[in-house]
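The structure file my_file14.pdb is reproduced below (PDB, C-alpha atoms and all ligand atoms).
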```
ATOM      1  CA  MET A 157     149.951  47.329 136.927
ATOM      2  CA  GLU A 158     146.265  48.028 137.432
ATOM      3  CA  THR A 159     144.416  49.355 134.376
ATOM      4  CA  LEU A 160     142.559  52.464 135.484
ATOM      5  CA  ARG A 161     139.380  54.107 134.277
ATOM      6  CA  VAL A 162     140.331  57.782 134.247
ATOM      7  CA  ALA A 163     138.194  60.803 133.433
ATOM      8  CA  VAL A 164     139.919  64.095 132.664
ATOM      9  CA  LEU A 165     137.782  67.192 133.137
ATOM     10  CA  GLY A 166     139.316  69.935 130.974
ATOM     11  CA  PRO A 167     141.672  68.282 128.464
ATOM     12  CA  GLY A 168     143.843  71.329 127.742
ATOM     13  CA  GLY A 169     147.608  71.715 128.196
ATOM     14  CA  VAL A 170     147.861  69.870 131.508
ATOM     15  CA  GLY A 171     144.860  67.537 131.175
ATOM     16  CA  GLY A 172     145.532  66.670 127.549
ATOM     17  CA  LEU A 173     149.149  65.775 128.220
ATOM     18  CA  LEU A 174     148.335  63.479 131.143
ATOM     19  CA  ALA A 175     145.320  61.989 129.326
ATOM     20  CA  ALA A 176     147.509  61.114 126.329
ATOM     21  CA  LEU A 177     150.305  59.610 128.439
ATOM     22  CA  LEU A 178     147.845  57.473 130.424
ATOM     23  CA  ALA A 179     145.915  56.379 127.306
ATOM     24  CA  ARG A 180     149.162  55.420 125.567
ATOM     25  CA  ASP A 181     149.858  53.119 128.508
ATOM     26  CA  GLY A 182     146.533  51.298 128.095
ATOM     27  CA  HIS A 183     144.359  53.066 130.661
ATOM     28  CA  ALA A 184     140.753  53.780 129.668
ATOM     29  CA  VAL A 185     140.682  57.565 129.405
ATOM     30  CA  THR A 186     137.548  59.660 128.925
ATOM     31  CA  CYS A 187     138.018  63.393 128.343
ATOM     32  CA  LEU A 188     135.111  65.512 129.559
ATOM     33  CA  ALA A 189     134.852  68.707 127.577
ATOM     34  CA  ARG A 190     132.527  71.185 125.927
ATOM     35  CA  PRO A 191     130.689  69.788 122.877
ATOM     36  CA  ALA A 192     133.091  70.761 120.071
ATOM     37  CA  THR A 193     136.192  69.631 121.961
ATOM     38  CA  ALA A 194     134.539  66.407 123.123
ATOM     39  CA  ALA A 195     133.570  65.560 119.518
ATOM     40  CA  ARG A 196     137.041  66.425 118.238
ATOM     41  CA  LEU A 197     138.744  64.192 120.826
ATOM     42  CA  ASP A 198     136.313  61.356 120.325
ATOM     43  CA  GLY A 199     136.939  61.346 116.571
ATOM     44  CA  HIS A 200     140.643  62.165 116.376
ATOM     45  CA  GLY A 201     142.159  61.493 119.787
ATOM     46  CA  LEU A 202     144.831  63.711 121.333
ATOM     47  CA  ARG A 203     147.976  64.807 119.473
ATOM     48  CA  VAL A 204     150.939  65.655 121.669
ATOM     49  CA  ARG A 205     154.215  67.272 120.648
ATOM     50  CA  SER A 206     156.571  67.017 123.593
ATOM     51  CA  ASP A 207     160.263  67.767 124.007
ATOM     52  CA  ARG A 208     160.344  64.972 126.575
ATOM     53  CA  TYR A 209     157.905  62.344 125.275
ATOM     54  CA  GLY A 210     158.188  62.966 121.513
ATOM     55  CA  GLU A 211     155.189  63.023 119.192
ATOM     56  CA  LEU A 212     152.264  60.833 120.071
ATOM     57  CA  THR A 213     148.645  60.409 119.142
ATOM     58  CA  ALA A 214     146.484  58.773 121.789
ATOM     59  CA  ARG A 215     143.029  57.366 121.410
ATOM     60  CA  VAL A 216     140.676  58.690 124.103
ATOM     61  CA  ARG A 217     136.947  58.815 124.504
ATOM     62  CA  GLY A 218     135.487  62.319 124.338
ATOM     63  CA  ALA A 219     132.274  63.008 126.216
ATOM     64  CA  GLU A 220     130.303  66.003 127.425
ATOM     65  CA  ARG A 221     129.286  64.359 130.691
ATOM     66  CA  LEU A 222     130.506  61.589 132.961
ATOM     67  CA  ASP A 223     128.115  58.729 132.297
ATOM     68  CA  GLY A 224     129.693  55.768 134.071
ATOM     69  CA  PRO A 225     131.984  54.915 136.978
ATOM     70  CA  VAL A 226     135.677  55.793 136.978
ATOM     71  CA  ASP A 227     138.531  55.091 139.365
ATOM     72  CA  VAL A 228     140.043  58.568 139.084
ATOM     73  CA  LEU A 229     138.854  62.005 137.999
ATOM     74  CA  LEU A 230     141.613  64.455 137.101
ATOM     75  CA  VAL A 231     140.411  68.046 137.246
ATOM     76  CA  THR A 232     142.451  70.243 134.907
ATOM     77  CA  THR A 233     140.342  73.219 133.878
ATOM     78  CA  LYS A 234     141.453  76.733 134.696
ATOM     79  CA  ALA A 235     140.085  78.008 138.004
ATOM     80  CA  THR A 236     137.764  80.404 136.176
ATOM     81  CA  GLN A 237     136.160  77.481 134.320
ATOM     82  CA  LEU A 238     135.819  75.099 137.238
ATOM     83  CA  ASP A 239     132.280  75.824 138.464
ATOM     84  CA  GLU A 240     130.745  75.481 135.033
ATOM     85  CA  ALA A 241     132.785  72.382 134.204
ATOM     86  CA  LEU A 242     131.691  70.551 137.359
ATOM     87  CA  ASP A 243     128.183  70.298 135.891
ATOM     88  CA  ARG A 244     129.664  67.626 133.628
ATOM     89  CA  VAL A 245     130.400  65.371 136.595
ATOM     90  CA  PRO A 246     127.280  64.422 138.557
ATOM     91  CA  ALA A 247     128.120  63.450 142.143
ATOM     92  CA  ALA A 248     125.921  60.364 141.899
ATOM     93  CA  VAL A 249     127.882  59.040 138.898
ATOM     94  CA  LEU A 250     131.272  59.919 140.403
ATOM     95  CA  GLY A 251     130.466  58.091 143.642
ATOM     96  CA  ASP A 252     133.525  57.394 145.782
ATOM     97  CA  ALA A 253     136.123  57.805 143.026
ATOM     98  CA  VAL A 254     139.462  59.496 143.696
ATOM     99  CA  VAL A 255     139.427  63.144 142.544
ATOM    100  CA  VAL A 256     142.736  64.885 141.891
ATOM    101  CA  PRO A 257     142.698  68.560 140.914
ATOM    102  CA  LEU A 258     145.900  69.913 139.378
ATOM    103  CA  LEU A 259     144.851  73.562 139.292
ATOM    104  CA  ASN A 260     147.104  76.219 140.733
ATOM    105  CA  GLY A 261     145.790  77.787 143.934
ATOM    106  CA  VAL A 262     144.546  76.468 147.263
ATOM    107  CA  GLU A 263     140.811  77.125 147.468
ATOM    108  CA  HIS A 264     139.493  74.614 144.903
ATOM    109  CA  LEU A 265     140.032  71.645 147.244
ATOM    110  CA  ALA A 266     137.353  72.795 149.674
ATOM    111  CA  ALA A 267     135.021  73.520 146.754
ATOM    112  CA  LEU A 268     135.518  70.022 145.339
ATOM    113  CA  ARG A 269     135.073  68.380 148.745
ATOM    114  CA  GLY A 270     131.815  70.283 149.178
ATOM    115  CA  HIS A 271     130.616  69.279 145.720
ATOM    116  CA  TYR A 272     131.584  65.584 145.989
ATOM    117  CA  PRO A 273     131.219  64.549 149.635
ATOM    118  CA  ALA A 274     131.395  60.812 148.849
ATOM    119  CA  ALA A 275     134.532  61.105 146.706
ATOM    120  CA  ARG A 276     138.118  61.059 147.943
ATOM    121  CA  VAL A 277     139.543  64.435 146.944
ATOM    122  CA  VAL A 278     143.346  64.283 146.998
ATOM    123  CA  ALA A 279     145.538  67.377 146.622
ATOM    124  CA  GLY A 280     147.783  67.569 143.599
ATOM    125  CA  THR A 281     150.101  69.965 141.807
ATOM    126  CA  ILE A 282     151.921  69.808 138.501
ATOM    127  CA  ARG A 283     155.079  71.538 137.356
ATOM    128  CA  VAL A 284     155.111  71.564 133.564
ATOM    129  CA  PHE A 285     155.028  73.919 130.571
ATOM    130  CA  ALA A 286     152.129  72.692 128.473
ATOM    131  CA  SER A 287     149.646  74.459 126.239
ATOM    132  CA  ARG A 288     146.714  73.658 124.016
ATOM    133  CA  PRO A 289     147.265  75.373 120.644
ATOM    134  CA  ALA A 290     143.957  73.898 119.361
ATOM    135  CA  PRO A 291     141.374  71.510 120.822
ATOM    136  CA  GLY A 292     142.886  68.031 120.929
ATOM    137  CA  GLU A 293     146.441  69.304 120.451
ATOM    138  CA  VAL A 294     149.016  69.661 123.183
ATOM    139  CA  ARG A 295     152.458  71.247 123.131
ATOM    140  CA  HIS A 296     154.740  70.273 126.016
ATOM    141  CA  GLU A 297     157.914  72.337 126.246
ATOM    142  CA  GLY A 298     161.085  71.251 128.028
ATOM    143  CA  GLN A 299     161.717  68.242 130.218
ATOM    144  CA  LEU A 300     159.727  69.261 133.288
ATOM    145  CA  CYS A 301     156.674  67.110 134.035
ATOM    146  CA  ALA A 302     156.476  66.630 137.798
ATOM    147  CA  VAL A 303     153.338  65.809 139.759
ATOM    148  CA  GLN A 304     152.989  65.931 143.532
ATOM    149  CA  LEU A 305     150.089  64.066 145.124
ATOM    150  CA  GLY A 306     148.711  63.812 148.611
ATOM    151  CA  PRO A 307     148.089  60.380 150.095
ATOM    152  CA  GLY A 308     145.137  58.371 148.789
ATOM    153  CA  ALA A 309     145.880  58.368 145.072
ATOM    154  CA  GLU A 310     148.416  55.547 145.044
ATOM    155  CA  ALA A 311     147.043  53.783 141.934
ATOM    156  CA  LEU A 312     147.179  57.054 139.993
ATOM    157  CA  ALA A 313     150.704  57.719 141.295
ATOM    158  CA  ALA A 314     151.807  54.281 140.012
ATOM    159  CA  ALA A 315     150.091  54.773 136.647
ATOM    160  CA  LEU A 316     151.607  58.238 136.102
ATOM    161  CA  THR A 317     155.046  57.009 137.114
ATOM    162  CA  ALA A 318     154.804  54.096 134.669
ATOM    163  CA  ALA A 319     153.662  56.556 131.976
ATOM    164  CA  GLY A 320     156.888  58.563 132.441
ATOM    165  CA  VAL A 321     155.800  61.375 134.762
ATOM    166  CA  ASP A 322     157.962  62.314 137.768
ATOM    167  CA  VAL A 323     155.676  61.687 140.734
ATOM    168  CA  ALA A 324     156.157  62.432 144.428
ATOM    169  CA  VAL A 325     153.623  61.538 147.109
ATOM    170  CA  ARG A 326     153.783  63.724 150.204
ATOM    171  CA  PRO A 327     151.623  63.711 153.302
ATOM    172  CA  ASP A 328     151.437  67.447 153.982
ATOM    173  CA  GLU A 329     148.612  68.883 151.917
ATOM    174  CA  ALA A 330     149.238  72.485 152.972
ATOM    175  CA  GLY A 331     152.932  72.194 152.111
ATOM    176  CA  LEU A 332     152.194  70.605 148.762
ATOM    177  CA  LEU A 333     149.898  73.453 147.728
ATOM    178  CA  TRP A 334     151.731  76.402 149.281
ATOM    179  CA  ASP A 335     155.205  75.329 148.117
ATOM    180  CA  LYS A 336     153.946  75.906 144.608
ATOM    181  CA  LEU A 337     152.067  79.122 145.409
ATOM    182  CA  CYS A 338     154.988  80.704 147.321
ATOM    183  CA  PHE A 339     156.866  81.094 144.051
ATOM    184  CA  LEU A 340     153.985  81.156 141.611
ATOM    185  CA  ALA A 341     151.906  83.911 143.228
ATOM    186  CA  PRO A 342     154.672  86.566 143.395
ATOM    187  CA  MET A 343     156.001  85.565 139.971
ATOM    188  CA  ALA A 344     152.557  85.652 138.289
ATOM    189  CA  LEU A 345     151.490  88.871 140.029
ATOM    190  CA  LEU A 346     154.667  90.823 139.266
ATOM    191  CA  THR A 347     155.119  89.646 135.668
ATOM    192  CA  THR A 348     151.466  90.478 134.954
ATOM    193  CA  ARG A 349     151.454  93.800 136.818
ATOM    194  CA  TYR A 350     154.522  95.057 134.967
ATOM    195  CA  ALA A 351     153.926  93.175 131.687
ATOM    196  CA  ALA A 352     157.538  92.095 131.999
ATOM    197  CA  ASP A 353     159.409  88.799 131.950
ATOM    198  CA  LEU A 354     161.059  87.362 135.030
ATOM    199  CA  GLY A 355     164.462  88.881 134.222
ATOM    200  CA  ALA A 356     163.001  92.405 133.959
ATOM    201  CA  VAL A 357     160.987  91.904 137.165
ATOM    202  CA  ARG A 358     164.160  90.877 139.031
ATOM    203  CA  ARG A 359     166.178  93.794 137.611
ATOM    204  CA  GLU A 360     163.608  96.569 137.854
ATOM    205  CA  HIS A 361     161.273  95.471 140.668
ATOM    206  CA  GLY A 362     163.551  93.154 142.661
ATOM    207  CA  ASP A 363     162.745  94.687 146.070
ATOM    208  CA  GLU A 364     159.017  94.427 145.490
ATOM    209  CA  PHE A 365     159.388  90.851 144.209
ATOM    210  CA  THR A 366     161.436  89.929 147.302
ATOM    211  CA  ALA A 367     158.844  91.561 149.581
ATOM    212  CA  ALA A 368     155.961  89.714 147.908
ATOM    213  CA  ILE A 369     157.829  86.411 148.280
ATOM    214  CA  ALA A 370     158.339  87.114 152.005
ATOM    215  CA  GLU A 371     154.656  88.001 152.455
ATOM    216  CA  VAL A 372     153.317  84.912 150.693
ATOM    217  CA  ALA A 373     155.774  82.735 152.634
ATOM    218  CA  ALA A 374     154.478  84.198 155.912
ATOM    219  CA  VAL A 375     150.900  83.362 154.892
ATOM    220  CA  ALA A 376     152.001  79.845 153.913
ATOM    221  CA  ARG A 377     153.580  79.334 157.348
ATOM    222  CA  ALA A 378     150.425  80.528 159.075
ATOM    223  CA  ASP A 379     148.476  78.033 156.949
ATOM    224  CA  GLY A 380     150.680  75.121 158.054
ATOM    225  CA  ALA A 381     153.371  75.012 155.332
ATOM    226  CA  ALA A 382     157.136  75.562 155.603
ATOM    227  CA  GLY A 383     156.983  78.874 153.687
ATOM    228  CA  ASP A 384     160.736  79.303 153.208
ATOM    229  CA  ALA A 385     161.163  82.819 151.793
ATOM    230  CA  ALA A 386     164.952  82.604 151.356
ATOM    231  CA  ALA A 387     164.745  79.317 149.433
ATOM    232  CA  THR A 388     161.892  80.643 147.281
ATOM    233  CA  ARG A 389     163.842  83.800 146.488
ATOM    234  CA  ALA A 390     166.949  81.788 145.579
ATOM    235  CA  PHE A 391     164.799  79.612 143.289
ATOM    236  CA  ALA A 392     163.192  82.690 141.705
ATOM    237  CA  TRP A 393     166.626  84.136 141.004
ATOM    238  CA  SER A 394     167.890  80.844 139.480
ATOM    239  CA  LEU A 395     165.396  80.727 136.619
ATOM    240  CA  PRO A 396     165.910  82.010 133.062
ATOM    241  CA  ASP A 397     165.383  85.714 132.325
ATOM    242  CA  GLY A 398     162.799  85.109 129.606
ATOM    243  CA  MET A 399     160.342  83.207 131.782
ATOM    244  CA  ARG A 400     156.747  84.483 131.733
ATOM    245  CA  SER A 401     153.627  83.435 133.593
ATOM    246  CA  SER A 402     150.375  82.060 132.239
ATOM    247  CA  MET A 403     148.512  84.845 134.088
ATOM    248  CA  GLN A 404     150.551  87.343 132.087
ATOM    249  CA  ARG A 405     149.821  85.500 128.814
ATOM    250  CA  ASP A 406     146.095  85.336 129.612
ATOM    251  CA  ALA A 407     146.083  89.061 130.493
ATOM    252  CA  GLU A 408     147.852  89.964 127.240
ATOM    253  CA  GLU A 409     145.315  87.924 125.254
ATOM    254  CA  GLY A 410     142.382  89.520 127.078
ATOM    255  CA  SER A 411     141.368  86.084 128.408
ATOM    256  CA  PRO A 412     140.088  85.556 131.951
ATOM    257  CA  THR A 413     143.001  85.165 134.359
ATOM    258  CA  GLU A 414     143.479  83.081 137.517
ATOM    259  CA  LEU A 415     144.076  86.298 139.521
ATOM    260  CA  GLU A 416     141.466  85.374 142.141
ATOM    261  CA  ALA A 417     142.601  81.748 142.516
ATOM    262  CA  ILE A 418     146.238  82.838 142.915
ATOM    263  CA  GLY A 419     146.413  86.424 144.231
ATOM    264  CA  GLY A 420     142.928  86.646 145.750
ATOM    265  CA  ALA A 421     143.502  83.359 147.597
ATOM    266  CA  VAL A 422     146.698  84.730 149.189
ATOM    267  CA  LEU A 423     144.843  87.838 150.418
ATOM    268  CA  ARG A 424     141.956  85.796 151.835
ATOM    269  CA  ALA A 425     144.341  83.450 153.673
ATOM    270  CA  ALA A 426     146.313  86.460 154.972
ATOM    271  CA  ASP A 427     143.094  88.030 156.290
ATOM    272  CA  ARG A 428     142.083  84.757 157.939
ATOM    273  CA  HIS A 429     145.397  84.621 159.787
ATOM    274  CA  GLY A 430     145.711  88.376 160.447
ATOM    275  CA  ILE A 431     148.923  88.745 158.433
ATOM    276  CA  ALA A 432     149.785  92.039 156.741
ATOM    277  CA  VAL A 433     150.630  91.621 153.050
ATOM    278  CA  PRO A 434     150.763  95.239 151.796
ATOM    279  CA  VAL A 435     152.830  94.677 148.670
ATOM    280  CA  THR A 436     150.821  91.656 147.501
ATOM    281  CA  ARG A 437     147.552  93.417 148.325
ATOM    282  CA  ARG A 438     148.435  96.522 146.330
ATOM    283  CA  ILE A 439     149.422  94.502 143.272
ATOM    284  CA  VAL A 440     146.312  92.291 143.444
ATOM    285  CA  GLU A 441     144.112  95.365 143.784
ATOM    286  CA  GLU A 442     145.806  97.085 140.851
ATOM    287  CA  LEU A 443     145.287  93.981 138.748
ATOM    288  CA  ARG A 444     141.680  93.555 139.903
ATOM    289  CA  ALA A 445     141.007  97.069 138.640
ATOM    290  CA  ARG A 446     142.150  96.295 135.110
ATOM    291  CA  LEU A 447     141.808  92.573 134.442
ATOM    292  CA  ARG A 448     138.911  90.281 133.787
TER     293      ARG A 448
HETATM  294  N1  LIG A 501     149.731  74.774 131.382
HETATM  295  C1  LIG A 501     150.696  74.630 132.259
HETATM  296  O1  LIG A 501     151.851  74.477 131.887
HETATM  297  C2  LIG A 501     150.369  74.565 133.736
HETATM  298  C3  LIG A 501     151.378  74.234 134.639
HETATM  299  C4  LIG A 501     151.063  74.109 135.989
HETATM  300  C5  LIG A 501     149.773  74.333 136.426
HETATM  301  N2  LIG A 501     148.817  74.689 135.527
HETATM  302  C6  LIG A 501     147.459  74.890 136.017
HETATM  303  O2  LIG A 501     146.644  73.854 135.507
HETATM  304  C7  LIG A 501     145.316  74.343 135.296
HETATM  305  C8  LIG A 501     144.941  74.089 133.842
HETATM  306  O3  LIG A 501     145.742  74.908 133.026
HETATM  307  P1  LIG A 501     145.976  74.629 131.475
HETATM  308  O4  LIG A 501     147.093  75.505 131.056
HETATM  309  O5  LIG A 501     146.072  73.184 131.205
HETATM  310  O6  LIG A 501     144.616  75.215 130.860
HETATM  311  P2  LIG A 501     144.074  75.079 129.370
HETATM  312  O7  LIG A 501     145.141  74.594 128.448
HETATM  313  O8  LIG A 501     143.376  76.345 129.049
HETATM  314  O9  LIG A 501     143.018  73.899 129.492
HETATM  315  C9  LIG A 501     141.791  74.052 130.124
HETATM  316  C10 LIG A 501     140.846  73.056 129.497
HETATM  317  O10 LIG A 501     139.586  73.163 130.161
HETATM  318  C11 LIG A 501     138.598  73.059 129.169
HETATM  319  N3  LIG A 501     137.336  73.651 129.604
HETATM  320  C12 LIG A 501     137.013  74.954 129.725
HETATM  321  N4  LIG A 501     135.731  75.093 130.143
HETATM  322  C13 LIG A 501     135.248  73.843 130.282
HETATM  323  C14 LIG A 501     133.975  73.319 130.648
HETATM  324  N5  LIG A 501     132.957  74.117 131.009
HETATM  325  N6  LIG A 501     133.828  71.984 130.661
HETATM  326  C15 LIG A 501     134.848  71.153 130.326
HETATM  327  N7  LIG A 501     136.069  71.592 129.970
HETATM  328  C16 LIG A 501     136.260  72.921 129.927
HETATM  329  C17 LIG A 501     139.156  73.744 127.947
HETATM  330  O11 LIG A 501     138.450  73.270 126.829
HETATM  331  P3  LIG A 501     138.694  73.741 125.317
HETATM  332  O12 LIG A 501     139.881  72.968 124.861
HETATM  333  O13 LIG A 501     137.426  73.343 124.641
HETATM  334  O14 LIG A 501     138.920  75.218 125.375
HETATM  335  C18 LIG A 501     140.613  73.274 128.007
HETATM  336  O15 LIG A 501     140.743  72.069 127.333
HETATM  337  C19 LIG A 501     145.343  75.832 135.690
HETATM  338  O16 LIG A 501     144.921  75.984 137.027
HETATM  339  C20 LIG A 501     146.815  76.191 135.570
HETATM  340  O17 LIG A 501     147.177  77.274 136.414
HETATM  341  C21 LIG A 501     149.076  74.810 134.193
END
```

Take the structure in this file and express it as structure tokens.
Amino acid sequence: METLRVAVLGPGGVGGLLAALLARDGHAVTCLARPATAARLDGHGLRVRSDRYGELTARVRGAERLDGPVDVLLVTTKATQLDEALDRVPAAVLGDAVVVPLLNGVEHLAALRGHYPAARVVAGTIRVFASRPAPGEVRHEGQLCAVQLGPGAEALAAALTAAGVDVAVRPDEAGLLWDKLCFLAPMALLTTRYAADLGAVRREHGDEFTAAIAEVAAVARADGAAGDAAATRAFAWSLPDGMRSSMQRDAEEGSPTELEAIGGAVLRAADRHGIAVPVTRRIVEELRARLR
């Protein structure tokens, strides 16, 4: 297998986990982070505690700025941190590398393509429960670690697969992104709006949850994805009661949330296609009024 030079911009829950798995497999991994985190990673590497992969410490290079060529750039900041973080990756140094963002949402792809016109920006999503309890430390809960990639990142797909990640390559970029958002947007919006876990949302706000799923699915269809509301609802009703969303956790902590990247993006796409999304719009507007 090809040894890759990989840069990871934002080595938190998602980025740190993938950086550690790739570094363990012998790839040359540089984590691009703010000064304290970069120094911490450079000196101590990444420590992962994973229900699936066990405990591992991986040696990575920590840096504040991309200073040499790489084959792949993984972008794994939160949406709210993306603009500032991109200053760490000069377009001239990145050149024609493959760029794979794993952020939730749909609008960051256009932003990255605008920022890095010579690079090959390939859509990606990840399904995982990972967090960053402290800089350089990653907690991965459960067995889920599934990445979907658009075409054009074949070497990364092979490297992640060899490192133990479940990888699927699919040609339909809109489907790849919206399949995730169709569940995630209603789930994140409702759990955050009502400060309630998934079980309570289903019991106490089930009609509203079902309506939001139908609305987001309609927007997804207009944007070129399958947008299967019945399948999304069945999935949403199959998950454990205690499930919460990271938007809800961020809101509870008073941290910036991905409300705009998730809920705002649905409203903007709905407006573009002339689709009415009254339930989603009301919840997003209520949250806009009280969240950062
Ligand atoms: N976590 C999950 O289980 C999960 C699952 C699916 C999708 N996602 C999505 O994946 C994305 C990343 O989420 P996450 O949970 O991994 O976030 P996270 O744990 O908060 O990690 C974000 C990382 O970005 C770094 N960062 C912030 N500002 C930066 C800057 N200016 N320059 C460089 N690095 C910077 C942070 O550095 P510090 O360490 O120094 O704070 C942190 O390491 C989000 O869009 C999220 O919705 C997450």

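Counting all atoms listed in the file, the residue from A:Gly398, A:Pro291, A:Gly430, A:Gly280 that sits nearest to Arg326 (chain A) is A:Gly280.
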
Worksheet item: Closest to Asp379 (chain A) among A:Pro396, A:Gly210, A:Pro246, A:Gly331, using all atoms listed in the file?
Response: A:Gly331

Proximity check chain A to ligand LIG 501 (chain A), 6 Å, nearest pairs one decimal Å, all atoms listed in the file, as JSON lines:
```
{"residue": "A:Leu165", "atom": "CA", "partner": "A:LIG501", "partner_atom": "C15", "distance": 5.7}
{"residue": "A:Gly166", "atom": "CA", "partner": "A:LIG501", "partner_atom": "O10", "distance": 3.3}
{"residue": "A:Pro167", "atom": "CA", "partner": "A:LIG501", "partner_atom": "O15", "distance": 4.1}
{"residue": "A:Gly168", "atom": "CA", "partner": "A:LIG501", "partner_atom": "O15", "distance": 3.2}
{"residue": "A:Gly169", "atom": "CA", "partner": "A:LIG501", "partner_atom": "O5", "distance": 3.7}
{"residue": "A:Val170", "atom": "CA", "partner": "A:LIG501", "partner_atom": "O5", "distance": 3.8}
{"residue": "A:Gly171", "atom": "CA", "partner": "A:LIG501", "partner_atom": "O5", "distance": 5.8}
{"residue": "A:Leu188", "atom": "CA", "partner": "A:LIG501", "partner_atom": "C15", "distance": 5.7}
{"residue": "A:Ala189", "atom": "CA", "partner": "A:LIG501", "partner_atom": "C15", "distance": 3.7}
{"residue": "A:Arg190", "atom": "CA", "partner": "A:LIG501", "partner_atom": "C15", "distance": 5.0}
{"residue": "A:Thr193", "atom": "CA", "partner": "A:LIG501", "partner_atom": "O13", "distance": 4.7}
{"residue": "A:Thr232", "atom": "CA", "partner": "A:LIG501", "partner_atom": "C8", "distance": 4.7}
{"residue": "A:Thr233", "atom": "CA", "partner": "A:LIG501", "partner_atom": "O10", "distance": 3.8}
{"residue": "A:Lys234", "atom": "CA", "partner": "A:LIG501", "partner_atom": "C19", "distance": 4.1}
{"residue": "A:Ala235", "atom": "CA", "partner": "A:LIG501", "partner_atom": "O16", "distance": 5.3}
{"residue": "A:Gln237", "atom": "CA", "partner": "A:LIG501", "partner_atom": "N4", "distance": 4.8}
{"residue": "A:Glu240", "atom": "CA", "partner": "A:LIG501", "partner_atom": "N5", "distance": 4.8}
{"residue": "A:Ala241", "atom": "CA", "partner": "A:LIG501", "partner_atom": "N5", "distance": 3.6}
{"residue": "A:Leu258", "atom": "CA", "partner": "A:LIG501", "partner_atom": "O2", "distance": 5.6}
{"residue": "A:Leu259", "atom": "CA", "partner": "A:LIG501", "partner_atom": "O16", "distance": 3.3}
{"residue": "A:Asn260", "atom": "CA", "partner": "A:LIG501", "partner_atom": "O16", "distance": 4.3}
{"residue": "A:Ile282", "atom": "CA", "partner": "A:LIG501", "partner_atom": "C4", "distance": 5.1}
{"residue": "A:Arg283", "atom": "CA", "partner": "A:LIG501", "partner_atom": "C4", "distance": 5.0}
{"residue": "A:Val284", "atom": "CA", "partner": "A:LIG501", "partner_atom": "O1", "distance": 4.7}
{"residue": "A:Phe285", "atom": "CA", "partner": "A:LIG501", "partner_atom": "O1", "distance": 3.5}
{"residue": "A:Ala286", "atom": "CA", "partner": "A:LIG501", "partner_atom": "O1", "distance": 3.9}
{"residue": "A:Ser287", "atom": "CA", "partner": "A:LIG501", "partner_atom": "O7", "distance": 5.0}
{"residue": "A:Arg288", "atom": "CA", "partner": "A:LIG501", "partner_atom": "O7", "distance": 4.8}
{"residue": "A:Pro291", "atom": "CA", "partner": "A:LIG501", "partner_atom": "O12", "distance": 4.5}
```

Worksheet item: Distance CA of Ile439 (chain A)-CA of Leu333 (chain A), one decimal place?
Response: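 CA of Leu333 (chain A) lies 21.5 Å from CA of Ile439 (chain A).
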
Practice prompt. I would like the residues chosen by the PyMOL selection byres (((chain A and resi 208) around 7) and not hetatm) on the shown file; could you give them as number ranges by chain?
Written response: A: 206-207, 209-210, 298-299

Worksheet item: Do you know which residues the PyMOL selection byres (((chain A and resi 433) around 8) and not hetatm) returns on this file, as a PyMOL selection string?
Response: chain A and resi 368+371-372+423+426+431-432+434-437

Applying the PyMOL selection byres (((chain A and resi 336-347) around 8) and not hetatm) to the file I just gave you, which residues come out? Please list them as a CSV table (one decimal) with C-alpha atoms, in the frame of the given file.
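Output contents, as saved in part.csv:
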```
chain,number,residue,atom,x,y,z
A,260,ASN,CA,147.1,76.2,140.7
A,261,GLY,CA,145.8,77.8,143.9
A,281,THR,CA,150.1,70.0,141.8
A,332,LEU,CA,152.2,70.6,148.8
A,333,LEU,CA,149.9,73.5,147.7
A,334,TRP,CA,151.7,76.4,149.3
A,335,ASP,CA,155.2,75.3,148.1
A,348,THR,CA,151.5,90.5,135.0
A,349,ARG,CA,151.5,93.8,136.8
A,350,TYR,CA,154.5,95.1,135.0
A,351,ALA,CA,153.9,93.2,131.7
A,352,ALA,CA,157.5,92.1,132.0
A,353,ASP,CA,159.4,88.8,132.0
A,354,LEU,CA,161.1,87.4,135.0
A,357,VAL,CA,161.0,91.9,137.2
A,365,PHE,CA,159.4,90.9,144.2
A,368,ALA,CA,156.0,89.7,147.9
A,369,ILE,CA,157.8,86.4,148.3
A,372,VAL,CA,153.3,84.9,150.7
A,373,ALA,CA,155.8,82.7,152.6
A,376,ALA,CA,152.0,79.8,153.9
A,383,GLY,CA,157.0,78.9,153.7
A,385,ALA,CA,161.2,82.8,151.8
A,388,THR,CA,161.9,80.6,147.3
A,389,ARG,CA,163.8,83.8,146.5
A,392,ALA,CA,163.2,82.7,141.7
A,400,ARG,CA,156.7,84.5,131.7
A,401,SER,CA,153.6,83.4,133.6
A,402,SER,CA,150.4,82.1,132.2
A,403,MET,CA,148.5,84.8,134.1
A,404,GLN,CA,150.6,87.3,132.1
A,415,LEU,CA,144.1,86.3,139.5
A,418,ILE,CA,146.2,82.8,142.9
A,419,GLY,CA,146.4,86.4,144.2
A,422,VAL,CA,146.7,84.7,149.2
A,436,THR,CA,150.8,91.7,147.5
A,439,ILE,CA,149.4,94.5,143.3
A,440,VAL,CA,146.3,92.3,143.4
```

Worksheet item: Which of these residues is nearest to Pro225 (chain A), using only C-alpha atoms: A:Leu212, A:Val375, A:Leu242, A:Val249?
Response: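 Of all the options, A:Val249 lies closest to Pro225 (chain A).
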
Fill in: Straight-line distance linking CA of Ala176 (chain A) with CA of Asp239 (chain A), stated in Å to one decimal
24.4 Å

Worksheet entry | Distance of CA of Leu222 (chain A) from CA of Val245 (chain A), expressed in Å to one decimal place | 5.2 Å

Once you add 3 Å to each side, what are the centre and edge lengths of the axis-aligned box holding all listed atoms of region 181-196 of chain A? One decimal in Å, as lines of an AutoDock Vina configuration file, if you can.
```
center_x = 140.3
center_y = 61.2
center_z = 124.4
size_x = 25.2
size_y = 25.9
size_z = 18.4
```
